[in-house]
file work.csv (CSV, C-alpha atoms)
chain,number,residue,atom,x,y,z
Y,1,MET,CA,-12.8,-13.8,-14.5
Y,2,THR,CA,-10.6,-10.9,-13.8
Y,3,PHE,CA,-9.0,-10.2,-10.4
Y,4,LEU,CA,-11.6,-7.5,-9.7
Y,5,GLU,CA,-14.5,-9.7,-10.7
Y,6,LYS,CA,-13.4,-12.4,-8.4
Y,7,ILE,CA,-12.9,-10.1,-5.4
Y,8,GLU,CA,-15.9,-7.8,-5.9
Y,9,PRO,CA,-18.5,-10.1,-4.0
Y,10,HIS,CA,-16.1,-10.1,-1.0
Y,11,VAL,CA,-15.2,-6.4,-0.8
Y,12,ILE,CA,-17.7,-6.2,2.1
Y,13,SER,CA,-17.6,-9.6,3.9
Y,14,LYS,CA,-19.3,-10.7,7.1
Y,15,ASP,CA,-16.3,-12.9,7.6
Y,16,ILE,CA,-13.7,-10.6,9.2
Y,17,LEU,CA,-10.9,-12.9,8.2
Y,18,ILE,CA,-11.8,-12.6,4.5
Y,19,GLN,CA,-12.4,-8.9,4.9
Y,20,GLU,CA,-8.8,-8.4,6.2
Y,21,ILE,CA,-7.3,-10.3,3.3
Y,22,VAL,CA,-9.4,-8.4,0.8
Y,23,LEU,CA,-8.1,-5.2,2.2
Y,24,HIS,CA,-4.5,-6.5,2.0
Y,25,ALA,CA,-4.9,-7.6,-1.6
Y,26,LEU,CA,-6.4,-4.2,-2.6
Y,27,HIS,CA,-4.0,-2.0,-0.7
Y,28,ASP,CA,-1.3,-1.5,-3.3
Y,29,TYR,CA,-3.4,-2.3,-6.4
Y,30,PRO,CA,-3.9,0.9,-8.4
Y,31,ASN,CA,-7.2,0.2,-10.2
Y,32,VAL,CA,-9.7,-0.2,-7.4
Y,33,PRO,CA,-13.1,1.3,-8.5
Y,34,GLU,CA,-14.0,4.5,-6.7
Y,35,GLU,CA,-17.4,3.0,-5.8
Y,36,TRP,CA,-15.6,0.4,-3.8
Y,37,THR,CA,-14.0,3.1,-1.7
Y,38,ILE,CA,-17.4,4.5,-1.0
Y,39,LYS,CA,-18.7,1.1,-0.1
Y,40,LEU,CA,-15.8,0.5,2.3
Y,41,LEU,CA,-16.1,3.8,4.0
Y,42,LYS,CA,-19.8,3.2,4.6
Y,43,GLU,CA,-18.9,-0.2,6.1
Y,44,ALA,CA,-16.2,1.4,8.3
Y,45,PHE,CA,-18.7,3.9,9.8
Y,46,THR,CA,-21.3,1.2,10.5
Y,47,ASN,CA,-19.1,-1.6,11.8
Y,48,GLU,CA,-16.7,-0.6,14.5
Y,49,ASP,CA,-14.8,-3.9,14.5
Y,50,LYS,CA,-13.7,-3.2,10.9
Y,51,GLN,CA,-13.3,0.6,11.2
Y,52,SER,CA,-9.5,0.9,11.8
Y,53,SER,CA,-8.7,-1.9,9.3
Y,54,ILE,CA,-10.7,-0.2,6.5
Y,55,LEU,CA,-9.5,3.3,7.2
Y,56,ILE,CA,-5.9,2.2,7.2
Y,57,TYR,CA,-6.0,0.1,4.1
Y,58,ILE,CA,-7.9,2.4,1.8
Y,59,ASP,CA,-5.3,5.1,2.1
Y,60,ASN,CA,-4.1,4.4,-1.5
Y,61,MET,CA,-7.5,4.7,-3.0
Y,62,ARG,CA,-8.9,7.8,-4.6
Y,63,ILE,CA,-10.9,10.0,-2.2
Y,64,ASN,CA,-13.5,11.6,-4.4
Y,65,GLU,CA,-16.2,14.1,-3.5
Y,66,GLU,CA,-18.7,11.6,-2.2
Y,67,ALA,CA,-15.9,10.1,0.0
Y,68,VAL,CA,-15.1,13.6,1.4
Y,69,GLN,CA,-18.8,14.1,2.3
Y,70,LEU,CA,-18.9,10.7,4.0
Y,71,LEU,CA,-15.8,11.5,6.0
Y,72,LEU,CA,-16.9,15.0,7.1
Y,73,GLU,CA,-20.3,13.6,8.1
Y,74,ASN,CA,-18.9,10.7,10.2
Y,75,ILE,CA,-15.7,12.1,11.8
Y,76,PRO,CA,-17.6,14.0,14.5
Y,77,LYS,CA,-19.2,10.7,15.5
Y,78,MET,CA,-16.0,8.7,15.7
Y,79,ASP,CA,-14.1,7.5,18.8
Y,80,LYS,CA,-11.4,10.0,19.4
Y,81,THR,CA,-8.7,7.3,19.2
Y,82,GLN,CA,-9.7,6.6,15.6
Y,83,ILE,CA,-10.2,10.1,14.2
Y,84,HIS,CA,-6.5,10.5,13.1
Y,85,LEU,CA,-7.1,7.6,10.6
Y,86,ALA,CA,-9.9,9.5,8.9
Y,87,ILE,CA,-8.0,12.8,8.9
Y,88,LYS,CA,-5.1,11.0,7.1
Y,89,LEU,CA,-7.6,10.2,4.3
Y,90,LEU,CA,-8.6,13.8,4.2
Y,91,GLU,CA,-5.0,14.8,3.7
Y,92,ARG,CA,-5.0,12.9,0.4
Y,93,ILE,CA,-7.8,14.9,-1.2
Y,94,GLU,CA,-7.0,16.6,-4.5
Y,95,PRO,CA,-6.1,20.2,-3.8
Y,96,ILE,CA,-9.0,21.7,-5.9
Y,97,LEU,CA,-11.5,19.5,-4.1
Y,98,SER,CA,-9.9,20.4,-0.8
Y,99,LEU,CA,-10.4,24.1,-1.5
Y,100,LYS,CA,-14.0,23.5,-2.4
Y,101,TYR,CA,-14.6,22.0,1.0
Y,102,LYS,CA,-12.2,24.4,2.8
Y,103,GLU,CA,-14.8,25.7,5.3
Y,104,PRO,CA,-15.7,22.3,6.9
Y,105,LEU,CA,-12.1,21.0,6.5
Y,106,GLN,CA,-10.5,24.0,8.0
Y,107,LYS,CA,-10.8,22.7,11.6
Y,108,TYR,CA,-8.6,19.7,10.7
Y,109,PHE,CA,-5.6,21.4,9.1
Y,110,ASN,CA,-3.3,24.2,10.0
Y,111,GLU,CA,-2.4,27.3,8.0
Y,112,GLU,CA,0.7,25.8,6.5
Y,113,HIS,CA,-1.5,23.1,4.9
Y,114,TRP,CA,-3.8,25.6,3.4
Y,115,SER,CA,-0.9,27.7,2.1
Y,116,LEU,CA,0.4,24.7,0.3
Y,117,VAL,CA,-3.0,23.9,-1.2
Y,118,GLU,CA,-3.4,27.4,-2.4
Y,119,LEU,CA,0.1,27.4,-3.9
Y,120,ILE,CA,-0.6,24.1,-5.8
Y,121,VAL,CA,-3.9,25.3,-7.1
Y,122,ASN,CA,-3.1,29.0,-7.9
Y,123,GLY,CA,0.7,29.3,-7.8
Y,124,ASP,CA,2.8,29.9,-10.9
Y,125,GLU,CA,5.6,27.8,-12.1
Y,126,GLU,CA,8.4,29.8,-10.4
Y,127,GLU,CA,6.6,29.8,-7.1
Y,128,VAL,CA,5.9,26.1,-7.1
Y,129,TRP,CA,9.4,25.2,-8.1
Y,130,GLU,CA,10.8,27.4,-5.4
Y,131,GLU,CA,8.7,25.7,-2.7
Y,132,TYR,CA,9.5,22.3,-4.1
Y,133,ALA,CA,13.3,23.0,-3.9
Y,134,ASN,CA,12.9,24.3,-0.4
Y,135,THR,CA,11.0,21.3,0.7
Y,136,ILE,CA,13.5,18.8,-0.8
Y,137,ASN,CA,16.4,20.7,0.8
Y,138,ALA,CA,14.7,20.5,4.2
Y,139,LEU,CA,14.1,16.8,3.7
Y,140,ASP,CA,17.7,16.2,2.8
Y,141,LYS,CA,19.0,18.2,5.8
Y,142,ALA,CA,16.7,16.6,8.4
Y,143,THR,CA,18.4,14.2,10.8
Y,144,THR,CA,15.4,11.9,10.7
Y,145,TYR,CA,12.8,11.0,8.0
Y,146,GLN,CA,10.0,13.6,7.9
Y,147,HIS,CA,7.0,11.7,6.5
Y,148,SER,CA,4.5,14.5,6.4
Y,149,GLN,CA,7.1,16.8,4.7
Y,150,PHE,CA,7.7,14.1,2.1
Y,151,ILE,CA,4.0,13.9,1.3
Y,152,GLU,CA,4.0,17.7,0.8
Y,153,ALA,CA,7.0,17.3,-1.6
Y,154,LYS,CA,5.0,14.6,-3.5
Y,155,LYS,CA,2.0,16.9,-3.9
Y,156,LEU,CA,4.3,19.6,-5.3
Y,157,ALA,CA,5.9,17.1,-7.6
Y,158,ALA,CA,2.4,16.0,-8.9
Y,159,CYS,CA,1.6,19.7,-9.5
Y,160,ILE,CA,4.8,20.1,-11.5
Y,161,VAL,CA,4.0,17.0,-13.6
Y,162,ARG,CA,0.3,18.0,-14.1
Y,163,ASN,CA,1.2,21.4,-15.4
Y,164,GLY,CA,4.0,20.1,-17.7
Y,165,TRP,CA,6.7,22.1,-15.9
Y,166,ILE,CA,9.2,19.3,-16.2
Y,167,THR,CA,10.3,17.3,-19.3
Y,168,GLU,CA,11.3,13.7,-19.7
Y,169,GLU,CA,14.8,14.8,-20.4
Y,170,GLY,CA,14.8,16.8,-17.2
Y,171,ILE,CA,13.8,13.7,-15.2
Y,172,GLU,CA,16.5,11.6,-17.0
Y,173,GLU,CA,19.2,14.2,-16.1
Y,174,ILE,CA,18.2,13.9,-12.4
Y,175,LEU,CA,18.4,10.1,-12.5
Y,176,HIS,CA,21.7,10.1,-14.3
Y,177,GLU,CA,23.2,12.2,-11.5
Y,178,GLU,CA,21.6,10.1,-8.8
Y,179,LEU,CA,22.7,6.7,-10.2
Y,180,ASN,CA,26.3,7.7,-9.6
Y,181,GLU,CA,25.7,8.2,-5.9
Y,182,LYS,CA,25.5,5.5,-3.2
Y,183,TRP,CA,22.3,7.0,-1.9
Y,184,PHE,CA,19.5,8.7,-3.7
Y,185,SER,CA,18.6,12.2,-2.5
Y,186,PHE,CA,15.0,13.2,-2.2
Y,187,HIS,CA,15.3,14.9,-5.5
Y,188,GLY,CA,16.1,11.5,-7.1
Y,189,ILE,CA,13.4,9.7,-5.2
Y,190,LEU,CA,10.8,12.2,-6.4
Y,191,ALA,CA,12.1,11.9,-9.9
Y,192,VAL,CA,11.1,8.2,-9.6
Y,193,TYR,CA,7.7,9.3,-8.4
Y,194,MET,CA,7.4,11.5,-11.5
Y,195,ILE,CA,8.2,8.6,-13.8
Y,196,GLY,CA,5.3,6.7,-12.3
Y,197,LEU,CA,3.0,9.7,-12.7
Y,198,LEU,CA,4.0,10.1,-16.4
Y,199,LYS,CA,3.9,6.3,-17.1
Y,200,LEU,CA,7.3,6.5,-18.8
Y,201,GLU,CA,7.5,2.8,-19.7
Y,202,LYS,CA,11.0,3.0,-21.2
Y,203,HIS,CA,12.3,3.4,-17.7
Y,204,ILE,CA,10.9,0.1,-16.4
Y,205,PRO,CA,14.3,-1.7,-16.6
Y,206,LEU,CA,16.0,1.1,-14.8
Y,207,LEU,CA,13.4,1.2,-12.0
Y,208,ALA,CA,13.6,-2.6,-11.6
Y,209,SER,CA,17.4,-2.3,-11.3
Y,210,LEU,CA,16.9,-0.1,-8.2
Y,211,LEU,CA,15.2,-3.0,-6.3
Y,212,ASP,CA,18.5,-4.1,-4.8
Y,213,ARG,CA,19.2,-0.8,-3.3
Y,214,ASP,CA,19.1,-0.5,0.6
Y,215,ASP,CA,16.9,2.5,0.8
Y,216,ASP,CA,13.3,1.9,1.9
Y,217,ILE,CA,11.9,5.3,0.9
Y,218,LEU,CA,13.3,4.9,-2.6
Y,219,LEU,CA,12.1,1.3,-2.8
Y,220,GLU,CA,8.5,2.3,-1.8
Y,221,GLU,CA,8.4,4.8,-4.8
Y,222,VAL,CA,10.1,2.4,-7.2
Y,223,SER,CA,7.5,-0.3,-6.3
Y,224,SER,CA,4.6,2.0,-6.6
Y,225,ALA,CA,5.8,3.3,-10.0
Y,226,LEU,CA,6.3,-0.2,-11.3
Y,227,ILE,CA,3.0,-1.4,-10.0
Y,228,GLY,CA,1.3,1.5,-11.7
Y,229,PHE,CA,2.4,0.4,-15.2
Y,230,GLN,CA,0.3,-2.8,-14.8
Y,231,SER,CA,2.4,-4.5,-17.5
Y,232,ASP,CA,4.0,-7.8,-18.0
Y,233,ASP,CA,7.1,-5.9,-19.0
Y,234,VAL,CA,7.4,-5.1,-15.3
Y,235,VAL,CA,7.0,-8.7,-14.4
Y,236,GLN,CA,9.8,-9.7,-16.7
Y,237,ALA,CA,12.1,-6.9,-15.5
Y,238,VAL,CA,11.4,-7.7,-11.8
Y,239,GLU,CA,11.7,-11.5,-12.0
Y,240,PRO,CA,15.5,-11.6,-11.4
Y,241,TYR,CA,15.0,-9.8,-8.2
Y,242,LEU,CA,12.8,-12.5,-6.8
Y,243,LYS,CA,15.9,-14.7,-6.7
Y,244,ASN,CA,17.7,-12.4,-4.2
Y,245,SER,CA,16.9,-12.4,-0.5
Y,246,ASP,CA,17.9,-8.7,-0.3
Y,247,SER,CA,15.3,-7.6,-2.9
Y,248,ILE,CA,12.6,-10.3,-2.7
Y,249,ILE,CA,10.3,-8.3,-0.3
Y,250,TYR,CA,9.8,-5.4,-2.7
Y,251,ALA,CA,10.0,-7.6,-5.9
Y,252,SER,CA,7.3,-9.9,-4.7
Y,253,SER,CA,5.1,-7.0,-3.8
Y,254,VAL,CA,5.4,-5.6,-7.3
Y,255,VAL,CA,4.7,-8.9,-9.0
Y,256,GLU,CA,1.9,-9.6,-6.6
Y,257,ASN,CA,0.1,-6.5,-7.8
Y,258,ILE,CA,0.5,-7.1,-11.5
Y,259,LYS,CA,-2.6,-9.3,-12.1
Y,260,SER,CA,-1.6,-11.5,-15.0
Y,261,ASP,CA,-0.9,-15.1,-15.9
Y,262,LEU,CA,2.7,-14.3,-16.3
Y,263,ALA,CA,2.9,-12.8,-12.8
Y,264,VAL,CA,1.4,-16.0,-11.4
Y,265,GLN,CA,3.8,-18.2,-13.3
Y,266,VAL,CA,6.8,-16.1,-12.2
Y,267,LEU,CA,5.7,-16.3,-8.5
Y,268,LYS,CA,5.2,-20.0,-8.8
Y,269,GLU,CA,8.7,-20.5,-10.2
Y,270,ALA,CA,10.2,-18.3,-7.5
Y,271,TYR,CA,8.5,-20.3,-4.8
Y,272,ARG,CA,9.8,-23.6,-6.2
Y,273,ARG,CA,13.3,-22.2,-6.3
Y,274,THR,CA,13.7,-21.1,-2.7
Y,275,ASP,CA,14.1,-23.1,0.5
Y,276,GLU,CA,13.9,-20.2,2.8
Y,277,LEU,CA,10.7,-20.3,5.0
Y,278,ASP,CA,10.1,-16.6,5.2
Y,279,GLU,CA,10.5,-16.2,1.4
Y,280,GLN,CA,8.2,-19.2,0.8
Y,281,ASP,CA,5.5,-17.7,3.0
Y,282,MET,CA,5.9,-14.3,1.3
Y,283,LEU,CA,5.5,-15.8,-2.2
Y,284,ILE,CA,2.5,-17.9,-1.1
Y,285,GLU,CA,0.9,-14.8,0.3
Y,286,ALA,CA,1.6,-13.0,-3.1
Y,287,LEU,CA,0.1,-16.0,-5.0
Y,288,CYS,CA,-3.0,-16.0,-2.8
Y,289,HIS,CA,-3.5,-12.2,-3.5
Y,290,GLN,CA,-3.4,-13.0,-7.2
Y,291,LEU,CA,-6.6,-15.1,-6.7
Y,292,SER,CA,-5.6,-17.4,-9.5
Y,293,LYS,CA,-6.6,-21.1,-9.5
Y,294,LYS,CA,-3.3,-21.8,-11.3
Y,295,ALA,CA,-1.6,-21.3,-7.9
Y,296,LEU,CA,-3.6,-24.1,-6.2
Y,297,PRO,CA,-0.9,-26.8,-6.5
Y,298,GLU,CA,1.8,-24.6,-4.8
Y,299,ILE,CA,-0.5,-23.3,-2.1
Y,300,SER,CA,-1.9,-26.8,-1.3
Y,301,ASP,CA,1.6,-28.3,-1.1
Y,302,HIS,CA,2.8,-25.4,1.1
Y,303,MET,CA,0.1,-26.0,3.6
Y,304,LYS,CA,1.4,-29.5,4.2
Y,305,LYS,CA,4.5,-28.1,5.8
Y,306,GLU,CA,4.7,-28.3,9.6
Y,307,TYR,CA,6.2,-24.8,10.2
Y,308,PHE,CA,5.3,-21.4,8.9
Y,309,SER,CA,6.9,-17.9,9.3
Y,310,SER,CA,5.6,-16.1,12.4
Y,311,LEU,CA,5.2,-12.9,10.3
Y,312,VAL,CA,2.6,-14.2,7.9
Y,313,ASP,CA,-0.9,-15.2,8.9
Y,314,ILE,CA,-0.7,-18.0,6.5
Y,315,GLU,CA,-3.8,-19.9,7.6
Y,316,GLN,CA,-6.0,-16.8,7.3
Y,317,THR,CA,-4.5,-15.9,4.0
Y,318,VAL,CA,-5.0,-19.4,2.5
Y,319,TYR,CA,-8.4,-19.9,4.1
Y,320,SER,CA,-9.5,-16.6,2.5
Y,321,TYR,CA,-8.0,-17.6,-0.9
Y,322,TYR,CA,-9.9,-20.9,-1.0
Y,323,SER,CA,-13.1,-19.2,0.2
Y,324,ILE,CA,-13.1,-16.4,-2.3
Y,325,LEU,CA,-12.4,-18.8,-5.2
Y,326,GLY,CA,-15.1,-21.2,-3.9
Y,327,GLU,CA,-12.6,-24.1,-3.6
Y,328,SER,CA,-13.0,-26.8,-1.1
Y,329,HIS,CA,-10.2,-28.3,1.1
Y,330,PRO,CA,-10.4,-30.8,4.0
Y,331,GLU,CA,-8.5,-28.5,6.3
Y,332,LEU,CA,-10.4,-25.3,5.4
Y,333,LEU,CA,-12.3,-25.2,8.7
Y,334,ASP,CA,-9.1,-26.0,10.6
Y,335,TRP,CA,-7.4,-23.0,9.0
Y,336,LYS,CA,-10.3,-20.8,9.8
Y,337,LEU,CA,-10.4,-21.8,13.4
Y,338,ALA,CA,-6.6,-21.4,13.8
Y,339,ALA,CA,-6.9,-17.8,12.4
Y,340,LEU,CA,-9.9,-17.0,14.5
Y,341,GLU,CA,-8.2,-18.3,17.6
Y,342,ARG,CA,-5.2,-16.0,17.0
Y,343,GLU,CA,-7.5,-13.1,16.3
Y,344,ILE,CA,-9.5,-13.6,19.5
Y,345,TYR,CA,-6.3,-14.0,21.5
Y,346,PHE,CA,-4.7,-10.8,20.3
Y,347,ARG,CA,-7.9,-8.9,20.7
Y,348,ASP,CA,-8.2,-10.0,24.3
Y,349,ALA,CA,-4.5,-9.3,24.9
Y,350,SER,CA,-4.9,-5.8,23.4
Y,351,LYS,CA,-7.9,-5.0,25.7
Y,352,GLN,CA,-6.0,-6.2,28.8
Y,353,SER,CA,-3.0,-4.1,27.9
Y,354,GLY,CA,-5.2,-1.0,27.7
Y,355,ASN,CA,-4.7,-0.5,24.0
Y,356,PRO,CA,-7.6,1.8,22.8
Y,357,GLN,CA,-7.4,0.5,19.2
Y,358,ASN,CA,-10.5,-1.7,18.6
Y,359,GLY,CA,-9.7,-3.0,15.1
Y,360,PRO,CA,-7.7,-6.0,14.1
Y,361,ILE,CA,-4.7,-3.8,13.0
Y,362,GLN,CA,-2.3,-1.7,14.9
Y,363,LYS,CA,-2.2,-3.9,18.0
Y,364,GLU,CA,1.1,-3.9,19.7
Y,365,ASN,CA,0.9,-7.6,20.3
Y,366,LYS,CA,0.1,-8.5,16.7
Y,367,VAL,CA,1.8,-7.1,13.7
Y,368,GLY,CA,1.3,-8.8,10.4
Y,369,ARG,CA,3.6,-8.4,7.4
Y,370,ASN,CA,1.0,-6.1,5.7
Y,371,ASP,CA,0.2,-4.1,8.7
Y,372,PRO,CA,1.5,-0.5,9.2
Y,373,CYS,CA,4.8,-0.7,11.0
Y,374,PRO,CA,4.5,0.3,14.7
Y,375,CYS,CA,7.6,2.4,14.4
Y,376,GLY,CA,5.5,5.1,12.6
Y,377,SER,CA,7.5,5.0,9.3
Y,378,GLY,CA,4.3,4.9,7.3
Y,379,LYS,CA,5.5,1.7,5.6
Y,380,LYS,CA,4.2,-1.9,5.9
Y,381,TYR,CA,5.9,-3.9,8.6
Y,382,LYS,CA,7.3,-6.4,6.1
Y,383,LYS,CA,9.1,-3.6,4.4
Y,384,CYS,CA,10.3,-2.0,7.5
Y,385,CYS,CA,11.1,-3.4,11.0
Y,386,GLY,CA,9.9,-6.9,9.9
Y,387,LYS,CA,12.6,-7.3,7.3

call {"tool": "encode", "arguments": {"input": "work.csv", "output": "C-alpha cells"}}
result
Amino acid sequence: MTFLEKIEPHVISKDILIQEIVLHALHDYPNVPEEWTIKLLKEAFTNEDKQSSILIYIDNMRINEEAVQLLLENIPKMDKTQIHLAIKLLERIEPILSLKYKEPLQKYFNEEHWSLVELIVNGDEEEVWEEYANTINALDKATTYQHSQFIEAKKLAACIVRNGWITEEGIEEILHEELNEKWFSFHGILAVYMIGLLKLEKHIPLLASLLDRDDDILLEEVSSALIGFQSDDVVQAVEPYLKNSDSIIYASSVVENIKSDLAVQVLKEAYRRTDELDEQDMLIEALCHQLSKKALPEISDHMKKEYFSSLVDIEQTVYSYYSILGESHPELLDWKLAALEREIYFRDASKQSGNPQNGPIQKENKVGRNDPCPCGSGKKYKKCCGK
C-alpha cells in the first residue's frame, strides 16, 4: 500500500491524537488529494475541537473552488478568535479564482491585495517584473522579516514562471551570483522557489548543498523545492546532511516527505548513527510519518528508552503510527493515556490562562515541534525558536 492508501482511512479520525498526527504527516506532503482538503474543511466546521488544528495544517493544500465556497459559507459562523485562520487560507486562492469570487471576498482584503491580484491576472510582463523588483527591494531593505510581503513576492514569482517570463539560464545566473555571497538576498531565495515550480531536477544537488546554510527563510524554500520533486535523487543528495546537527532539522523534514523505501532506509541509518536525544526523536518522528512497517524495529527499540526530548510528543506519534498501521504493542494503551493526559493538562492550563484558542495547537503552554512557532514567523517551531 502507498502512503496515501494507508493514511486515507484516518484523514478524519474520531481519535484526536491520531487526527493531529495525520495533519502533521500531510502538512508538507505535496500530493494530498483535493477531495481530502474538502473533507478536512467540512470536519473543521462541524467539530470545534479540531477546527484550529485543521485550518492551520491544511495551509499547504490547494484551495479549489469548492473549498472557497465552504470557507465563504462558514467564516461568518466562526468564533471571532479563529476567523484569521480561515482568512489565511483565502489568501492562498489562485488569482483567477480570487477574481471570480471578488464580491464575497472583498470584505476580507484591502485594496492593495486586489491591485496585486489584478496585476497578476491582467498585467503585462514589464508591469509584473517592475512590481516584483519593487517588492524584493522592499523585503531586502526591511529591518525585520515581512512575511505577508514575502508571500506577495512569491505570487509574483509564480506569475513570472507561469507566463514563461524567465528562463532556466536566467535563474542559474541569479544563483551563481548568490552563491558567492554569505547570505542569500530575497532575489536568490525566490530563484530557489522558481526552481521548485519548474521542477528543474538538475539543480537537486545544488539545492541540497544549501541545507547547511544558516538562513531559515532560504531553508524553508529549499526544503519545499526538494520535497516537490518526490524523487529518490533528492534522498541521495540530502542523506549527508542528516549526519550534521546543523542541518538535520531541514534534512530530516525533506526525507520524511519523500515517501519511498530508500527514504525509510536512509532515516533508519541516520537514527542508528546518532546518540543525540533530540536528533533521535526527530528521526523517529520522521520514520513514523513514513508509515512504513520497515521502521518498526527502530521505533520499537526507541520506545524502550527512559527519556525523550520534551519537544516531540513521542508517545502520541508512536501510538498513532501503530494504530494507523494496525500493529499491536503491549504499551500501546500506556502511550495513548500518556498523550491524552498531556493533552487534557494543556487544554485545562490554556483555559485557566484565558487563552481563547480552543484547538490543540497554538497554546502558549504547549508547542510541539510541528506546531506554528509562537513568535509569528510562519515557520514550524522545530525550524524556528525550537532549534

call {"tool": "atom_distance", "arguments": {"input": "work.csv", "atom1": "CA of Leu71 (chain Y)", "atom2": "CA of Glu343 (chain Y)"}}
result
27.9 Å

call {"tool": "closest_residue", "arguments": {"input": "work.csv", "among": "Y:Ser309, Y:Ser53, Y:Asn180, Y:Ser185", "to": "Leu139 (chain Y)", "atoms": "all atoms listed in the file"}}
result
Y:Ser185

call {"tool": "residues_around", "arguments": {"input": "work.csv", "residues": "Asp281 (chain Y)", "least_positions_apart": "4", "cutoff": "8 Å", "atoms": "only C-alpha atoms", "output": "PyMOL selection string"}}
result
chain Y and resi 277+285+308-309+312+314

call {"tool": "residues_around", "arguments": {"input": "work.csv", "residues": "Ile166 (chain Y)", "least_positions_apart": "4", "cutoff": "12 Å", "atoms": "only C-alpha atoms", "output": "list of chain:residue names"}}
result
Y:Glu125, Y:Val128, Y:Trp129, Y:Leu156, Y:Ala157, Y:Ala158, Y:Cys159, Y:Ile160, Y:Val161, Y:Arg162, Y:Gly170, Y:Ile171, Y:Glu172, Y:Glu173, Y:Ile174, Y:Ala191, Y:Met194, Y:Ile195, Y:Leu197, Y:Leu198

call {"tool": "residues_around", "arguments": {"input": "work.csv", "residues": "region 30-32 of chain Y", "least_positions_apart": "2", "cutoff": "8 Å", "atoms": "all atoms listed in the file", "output": "PyMOL selection string"}}
result
chain Y and resi 4+26+28+34+36-37+60-61+227-228

call {"tool": "atom_distance", "arguments": {"input": "work.csv", "atom1": "CA of Tyr108 (chain Y)", "atom2": "CA of Thr135 (chain Y)"}}
result
22.1 Å

call {"tool": "closest_residue", "arguments": {"input": "work.csv", "among": "Y:Tyr101, Y:Phe229, Y:Tyr145, Y:Tyr271", "to": "Glu65 (chain Y)", "atoms": "only C-alpha atoms"}}
result
Y:Tyr101

call {"tool": "atom_distance", "arguments": {"input": "work.csv", "atom1": "CA of Pro76 (chain Y)", "atom2": "CA of Glu103 (chain Y)"}}
result
15.1 Å

call {"tool": "closest_residue", "arguments": {"input": "work.csv", "among": "Y:Ser13, Y:Ser115, Y:Asn64, Y:Gln106", "to": "Glu94 (chain Y)", "atoms": "all atoms listed in the file"}}
result
Y:Asn64

call {"tool": "residues_around", "arguments": {"input": "work.csv", "residues": "His176 (chain Y)", "least_positions_apart": "5", "cutoff": "12 Å", "atoms": "all atoms listed in the file", "output": "ChimeraX atom specification"}}
result
/Y:169-171,181,184,187-188,191-192,206

call {"tool": "write_last_selection", "arguments": {"input": "work.csv", "atoms": "C-alpha atoms", "output": "JSON list (two decimals), in the frame of the given file"}}
result
[["chain", "number", "residue", "atom", "x", "y", "z"],
["Y", 169, "GLU", "CA", 14.80, 14.80, -20.40],
["Y", 170, "GLY", "CA", 14.80, 16.80, -17.20],
["Y", 171, "ILE", "CA", 13.80, 13.70, -15.20],
["Y", 181, "GLU", "CA", 25.70, 8.20, -5.90],
["Y", 184, "PHE", "CA", 19.50, 8.70, -3.70],
["Y", 187, "HIS", "CA", 15.30, 14.90, -5.50],
["Y", 188, "GLY", "CA", 16.10, 11.50, -7.10],
["Y", 191, "ALA", "CA", 12.10, 11.90, -9.90],
["Y", 192, "VAL", "CA", 11.10, 8.20, -9.60],
["Y", 206, "LEU", "CA", 16.00, 1.10, -14.80]]

call {"tool": "closest_residue", "arguments": {"input": "work.csv", "among": "Y:Val235, Y:Ile258, Y:Ala67, Y:Ile12", "to": "Ile38 (chain Y)", "atoms": "all atoms listed in the file"}}
result
Y:Ala67

call {"tool": "residues_near_point", "arguments": {"input": "work.csv", "point": "(4.3, 29.5, -9.9)", "cutoff": "12 Å", "atoms": "only C-alpha atoms", "output": "VMD selection string"}}
result
chain Y and resid 116 118 to 132 156 159 to 160 163 165

call {"tool": "write_last_selection", "arguments": {"input": "work.csv", "atoms": "C-alpha atoms", "output": "PDB file, in the coordinates of the input"}}
result
ATOM      1  CA  LEU Y 116       0.400  24.700   0.300  1.00  0.00           C
ATOM      2  CA  GLU Y 118      -3.400  27.400  -2.400  1.00  0.00           C
ATOM      3  CA  LEU Y 119       0.100  27.400  -3.900  1.00  0.00           C
ATOM      4  CA  ILE Y 120      -0.600  24.100  -5.800  1.00  0.00           C
ATOM      5  CA  VAL Y 121      -3.900  25.300  -7.100  1.00  0.00           C
ATOM      6  CA  ASN Y 122      -3.100  29.000  -7.900  1.00  0.00           C
ATOM      7  CA  GLY Y 123       0.700  29.300  -7.800  1.00  0.00           C
ATOM      8  CA  ASP Y 124       2.800  29.900 -10.900  1.00  0.00           C
ATOM      9  CA  GLU Y 125       5.600  27.800 -12.100  1.00  0.00           C
ATOM     10  CA  GLU Y 126       8.400  29.800 -10.400  1.00  0.00           C
ATOM     11  CA  GLU Y 127       6.600  29.800  -7.100  1.00  0.00           C
ATOM     12  CA  VAL Y 128       5.900  26.100  -7.100  1.00  0.00           C
ATOM     13  CA  TRP Y 129       9.400  25.200  -8.100  1.00  0.00           C
ATOM     14  CA  GLU Y 130      10.800  27.400  -5.400  1.00  0.00           C
ATOM     15  CA  GLU Y 131       8.700  25.700  -2.700  1.00  0.00           C
ATOM     16  CA  TYR Y 132       9.500  22.300  -4.100  1.00  0.00           C
ATOM     17  CA  LEU Y 156       4.300  19.600  -5.300  1.00  0.00           C
ATOM     18  CA  CYS Y 159       1.600  19.700  -9.500  1.00  0.00           C
ATOM     19  CA  ILE Y 160       4.800  20.100 -11.500  1.00  0.00           C
ATOM     20  CA  ASN Y 163       1.200  21.400 -15.400  1.00  0.00           C
ATOM     21  CA  TRP Y 165       6.700  22.100 -15.900  1.00  0.00           C
TER      22      TRP Y 165
END

call {"tool": "residues_near_point", "arguments": {"input": "work.csv", "point": "(-19.7, 4.0, 6.2)", "cutoff": "12 Å", "atoms": "all atoms listed in the file", "output": "PyMOL selection string"}}
result
chain Y and resi 12+36-48+50-51+54-55+66-75+77-78+86

call {"tool": "closest_residue", "arguments": {"input": "work.csv", "among": "Y:Asp214, Y:Arg272, Y:Leu17, Y:Trp183", "to": "Glu341 (chain Y)", "atoms": "all atoms listed in the file"}}
result
Y:Leu17

call {"tool": "closest_residue", "arguments": {"input": "work.csv", "among": "Y:Lys182, Y:Lys141, Y:Lys154, Y:Lys294", "to": "Leu262 (chain Y)", "atoms": "all atoms listed in the file"}}
result
Y:Lys294
